[in-house]
Each structure stands twice: as C-alpha cells, then as structure tokens.
Amino acid sequence: MGQQQLLLIVLGVIIVGIAIVVGINLFNANAISSNKDAVVSDLNNLAALAHQYYMKPTSMGGGGNSYSGFTIPTGLSTTANGTYTVGTGTATSITFTGTGTQSGANGSPIAATIVVQVPPLADSVAITNP
C-alpha cells in the first residue's frame with residue numbers, strides 16, 4: 001500500500017474513535033439527566049400523596065389537615081429511579097428526599113428534596129448534584 005492509503009486508514013480510525021468517545025459521553029449525560037427527571041417526578045408523586053393524606057379526614061385514615069403521621073407507601077420507598085425518605089412532617093409541611101441511582105458530575109448520587117406546604121404556599125424542589 002502507498003503512504004497515502006495508510007494515512008487515510010489511520011485518519012479514519014482516529015475519526016471513528018473520537019465519534020465513539022463522544023457517543024459514550026452523550027449517553028452518560030442523557031442517563032444522568034433522565035434519572036434526575038425521574039427522581040423529581042417520583043417526588044412530585046409523593047407530594048401529591050402527602051397532600052391527599054393532608055386533605056383526608058382522620059376518620060378515613062388521613063391526616064385531618066396535618067401532614068404528621070404520613071409514611072411513604074411500601075412500594076414507593078425504593079423504585080428503579082432511586083430511594084426516597086420522608087423527613088419531618090408537621091401540621092403544615094412535610095419534606096421528602098430522593099436519592100437517584102445515577103452518579104452526578106462530582107461522582108456522588110443525584111439527590112433532590114421537595115418541601116410540601118399547606119396551600120396556598122407553593123411546593124419547592126431543590127436538586128443537588130445536577
């Protein structure tokens with residue numbers, strides 16, 4: 001083979017290698033972003049369940065206008081997206097924390113916190129290690 005053909009083969013291998021590395025990086029970034037979105041979605045679901053508990057009378061197994069006593073249902077404390085814990089539940093607010101299955105940019109797992117408060121106050125979501 002000539003020198004030009006060998007140069008083209010080497011150049012082709014380098015381009016393919018770079019394309020593979022870029023593809024792997026994009027896949028990992030998408031997996032992290034997807035897990036973060038899934039954890040926030042699960043936390044929103046838990047917030048809705050907590051609000052239902054708050055609104056339900058105690059005679060029907062609810063909180064009777066209090067978040068105290070709310071526990072995460074058995075199948076929702078650990079999902080394919082992560083693990084979830086309930087923080088302090090008071091009469092007017094409750095806090096949930098979710099830890100994702102993917103590691104973020106700094107190597108620690110993705111974590112998000114949501115605080116559910118009595119209406120008309122808005123819920124707040126804080127994501128750490130995006």
# chains A, B, ... in the order shown; residues from 1 in each chain; ligands from 1
>>> closest_atom_pairs(of="range 18-44 of chain A", to="range 71-92 of chain A", cutoff="9 Å", atoms="only C-alpha atoms", output="Markdown table")
| residue | atom | partner | partner_atom | distance |
| --- | --- | --- | --- | --- |
| A:Asn35 | CA | A:Asn81 | CA | 6.2 |
| A:Lys36 | CA | A:Asn81 | CA | 8.5 |
| A:Ala38 | CA | A:Asn81 | CA | 6.1 |
| A:Val39 | CA | A:Asn81 | CA | 6.0 |
| A:Asp42 | CA | A:Asn81 | CA | 8.1 |
| A:Leu43 | CA | A:Tyr84 | CA | 7.9 |
>>> select_by_dssp(residues="range 1-94 of chain A", states="helix (DSSP H, G or I)", output="JSON, numbers by chain")
{"A": [3, 4, 5, 6, 7, 8, 9, 10, 11, 12, 13, 14, 15, 16, 17, 18, 19, 20, 21, 22, 23, 24, 25, 26, 27, 28, 29, 30, 31, 32, 33, 34, 35, 36, 37, 38, 39, 40, 41, 42, 43, 44, 45, 46, 47, 48, 49, 50, 51, 52, 53, 54, 55, 58, 59, 60, 74, 75, 76]}
>>> write_last_selection(atoms="C-alpha atoms", output="short mmCIF file (atom, residue, chain, number, x, y, z; two decimals), in the first residue's frame")
data_model
loop_
_atom_site.label_atom_id
_atom_site.label_comp_id
_atom_site.auth_asym_id
_atom_site.auth_seq_id
_atom_site.Cartn_x
_atom_site.Cartn_y
_atom_site.Cartn_z
CA GLN A 3 1.69 6.11 2.04
CA GLN A 4 -1.49 7.99 1.17
CA GLN A 5 -3.67 4.92 1.73
CA LEU A 6 -2.08 4.21 5.12
CA LEU A 7 -2.59 7.83 6.14
CA LEU A 8 -6.28 7.66 5.17
CA ILE A 9 -6.75 4.43 7.17
CA VAL A 10 -5.12 5.97 10.26
CA LEU A 11 -7.19 9.12 9.88
CA GLY A 12 -10.37 7.04 9.54
CA VAL A 13 -9.56 5.06 12.70
CA ILE A 14 -8.95 8.28 14.65
CA ILE A 15 -12.25 9.80 13.49
CA VAL A 16 -14.19 6.64 14.38
CA GLY A 17 -12.51 6.55 17.82
CA ILE A 18 -13.43 10.16 18.52
CA ALA A 19 -17.03 9.50 17.42
CA ILE A 20 -17.28 6.54 19.82
CA VAL A 21 -15.96 8.58 22.77
CA VAL A 22 -18.38 11.42 22.04
CA GLY A 23 -21.27 8.94 21.78
CA ILE A 24 -20.43 7.36 25.13
CA ASN A 25 -20.24 10.78 26.80
CA LEU A 26 -23.62 11.81 25.36
CA PHE A 27 -25.18 8.54 26.52
CA ASN A 28 -23.89 9.05 30.09
CA ALA A 29 -25.11 12.65 30.18
CA ASN A 30 -28.54 11.55 28.99
CA ALA A 31 -28.70 8.81 31.64
CA ILE A 32 -27.91 11.31 34.41
CA SER A 33 -30.47 13.81 33.14
CA SER A 34 -33.12 11.11 32.78
CA ASN A 35 -32.53 9.85 36.33
CA LYS A 36 -32.73 13.39 37.72
CA ASP A 37 -36.06 13.94 35.95
CA ALA A 38 -37.39 10.58 37.18
CA VAL A 39 -36.43 11.33 40.80
CA VAL A 40 -38.17 14.72 40.66
CA SER A 41 -41.24 13.07 39.11
CA ASP A 42 -41.36 10.47 41.89
CA LEU A 43 -41.02 13.23 44.49
CA ASN A 44 -43.93 15.09 42.90
CA ASN A 45 -45.98 11.89 43.12
CA LEU A 46 -45.11 11.55 46.82
CA ALA A 47 -46.04 15.21 47.34
CA ALA A 48 -49.44 14.56 45.78
CA LEU A 49 -49.95 11.53 48.04
CA ALA A 50 -48.99 13.59 51.08
CA HIS A 51 -51.44 16.31 50.08
CA GLN A 52 -54.19 13.71 49.70
CA TYR A 53 -53.33 12.47 53.19
CA TYR A 54 -53.49 16.04 54.49
CA MET A 55 -56.94 16.65 52.99
CA THR A 58 -58.75 11.17 60.24
CA SER A 59 -61.86 9.01 60.30
CA MET A 60 -60.99 7.87 56.78
CA THR A 74 -44.28 0.35 50.80
CA GLY A 75 -43.72 0.04 47.05
CA LEU A 76 -42.70 3.67 46.61
#
>>> atom_distance(atom1="CA of Val118 in chain A", atom2="CA of Pro57 in chain A")
15.2 Å
>>> atom_distance(atom1="CA of Ala111 in chain A", atom2="CA of Gly98 in chain A")
5.6 Å
>>> atom_distance(atom1="CA of Pro109 in chain A", atom2="CA of Ile94 in chain A")
22.6 Å
>>> decode(residues="range 30-44 of chain A", atoms="N, CA and C atoms", output="mmCIF file, in the first residue's frame")
data_model
loop_
_atom_site.group_PDB
_atom_site.id
_atom_site.type_symbol
_atom_site.label_atom_id
_atom_site.label_comp_id
_atom_site.auth_asym_id
_atom_site.auth_seq_id
_atom_site.Cartn_x
_atom_site.Cartn_y
_atom_site.Cartn_z
ATOM 1 N N ASN A 30 -27.108 11.780 29.119
ATOM 2 C CA ASN A 30 -28.542 11.552 28.991
ATOM 3 C C ASN A 30 -29.063 10.673 30.126
ATOM 4 N N ALA A 31 -28.293 9.679 30.545
ATOM 5 C CA ALA A 31 -28.704 8.807 31.643
ATOM 6 C C ALA A 31 -28.811 9.597 32.946
ATOM 7 N N ILE A 32 -27.877 10.492 33.195
ATOM 8 C CA ILE A 32 -27.910 11.314 34.406
ATOM 9 C C ILE A 32 -29.118 12.241 34.390
ATOM 10 N N SER A 33 -29.343 12.894 33.267
ATOM 11 C CA SER A 33 -30.473 13.809 33.142
ATOM 12 C C SER A 33 -31.804 13.069 33.283
ATOM 13 N N SER A 34 -31.896 11.907 32.698
ATOM 14 C CA SER A 34 -33.116 11.106 32.778
ATOM 15 C C SER A 34 -33.391 10.672 34.213
ATOM 16 N N ASN A 35 -32.350 10.265 34.935
ATOM 17 C CA ASN A 35 -32.532 9.847 36.327
ATOM 18 C C ASN A 35 -32.946 11.024 37.198
ATOM 19 N N LYS A 36 -32.358 12.195 36.961
ATOM 20 C CA LYS A 36 -32.732 13.387 37.720
ATOM 21 C C LYS A 36 -34.209 13.711 37.502
ATOM 22 N N ASP A 37 -34.660 13.669 36.256
ATOM 23 C CA ASP A 37 -36.062 13.943 35.950
ATOM 24 C C ASP A 37 -36.990 12.910 36.590
ATOM 25 N N ALA A 38 -36.569 11.644 36.590
ATOM 26 C CA ALA A 38 -37.390 10.582 37.177
ATOM 27 C C ALA A 38 -37.495 10.734 38.690
ATOM 28 N N VAL A 39 -36.405 11.125 39.348
ATOM 29 C CA VAL A 39 -36.434 11.327 40.799
ATOM 30 C C VAL A 39 -37.369 12.486 41.144
ATOM 31 N N VAL A 40 -37.291 13.579 40.404
ATOM 32 C CA VAL A 40 -38.174 14.718 40.656
ATOM 33 C C VAL A 40 -39.629 14.324 40.406
ATOM 34 N N SER A 41 -39.882 13.526 39.384
ATOM 35 C CA SER A 41 -41.240 13.066 39.109
ATOM 36 C C SER A 41 -41.768 12.199 40.252
ATOM 37 N N ASP A 42 -40.943 11.297 40.758
ATOM 38 C CA ASP A 42 -41.360 10.466 41.889
ATOM 39 C C ASP A 42 -41.623 11.319 43.128
ATOM 40 N N LEU A 43 -40.788 12.341 43.347
ATOM 41 C CA LEU A 43 -41.015 13.230 44.489
ATOM 42 C C LEU A 43 -42.323 14.006 44.343
ATOM 43 N N ASN A 44 -42.647 14.418 43.126
ATOM 44 C CA ASN A 44 -43.929 15.092 42.896
ATOM 45 C C ASN A 44 -45.097 14.151 43.174
#
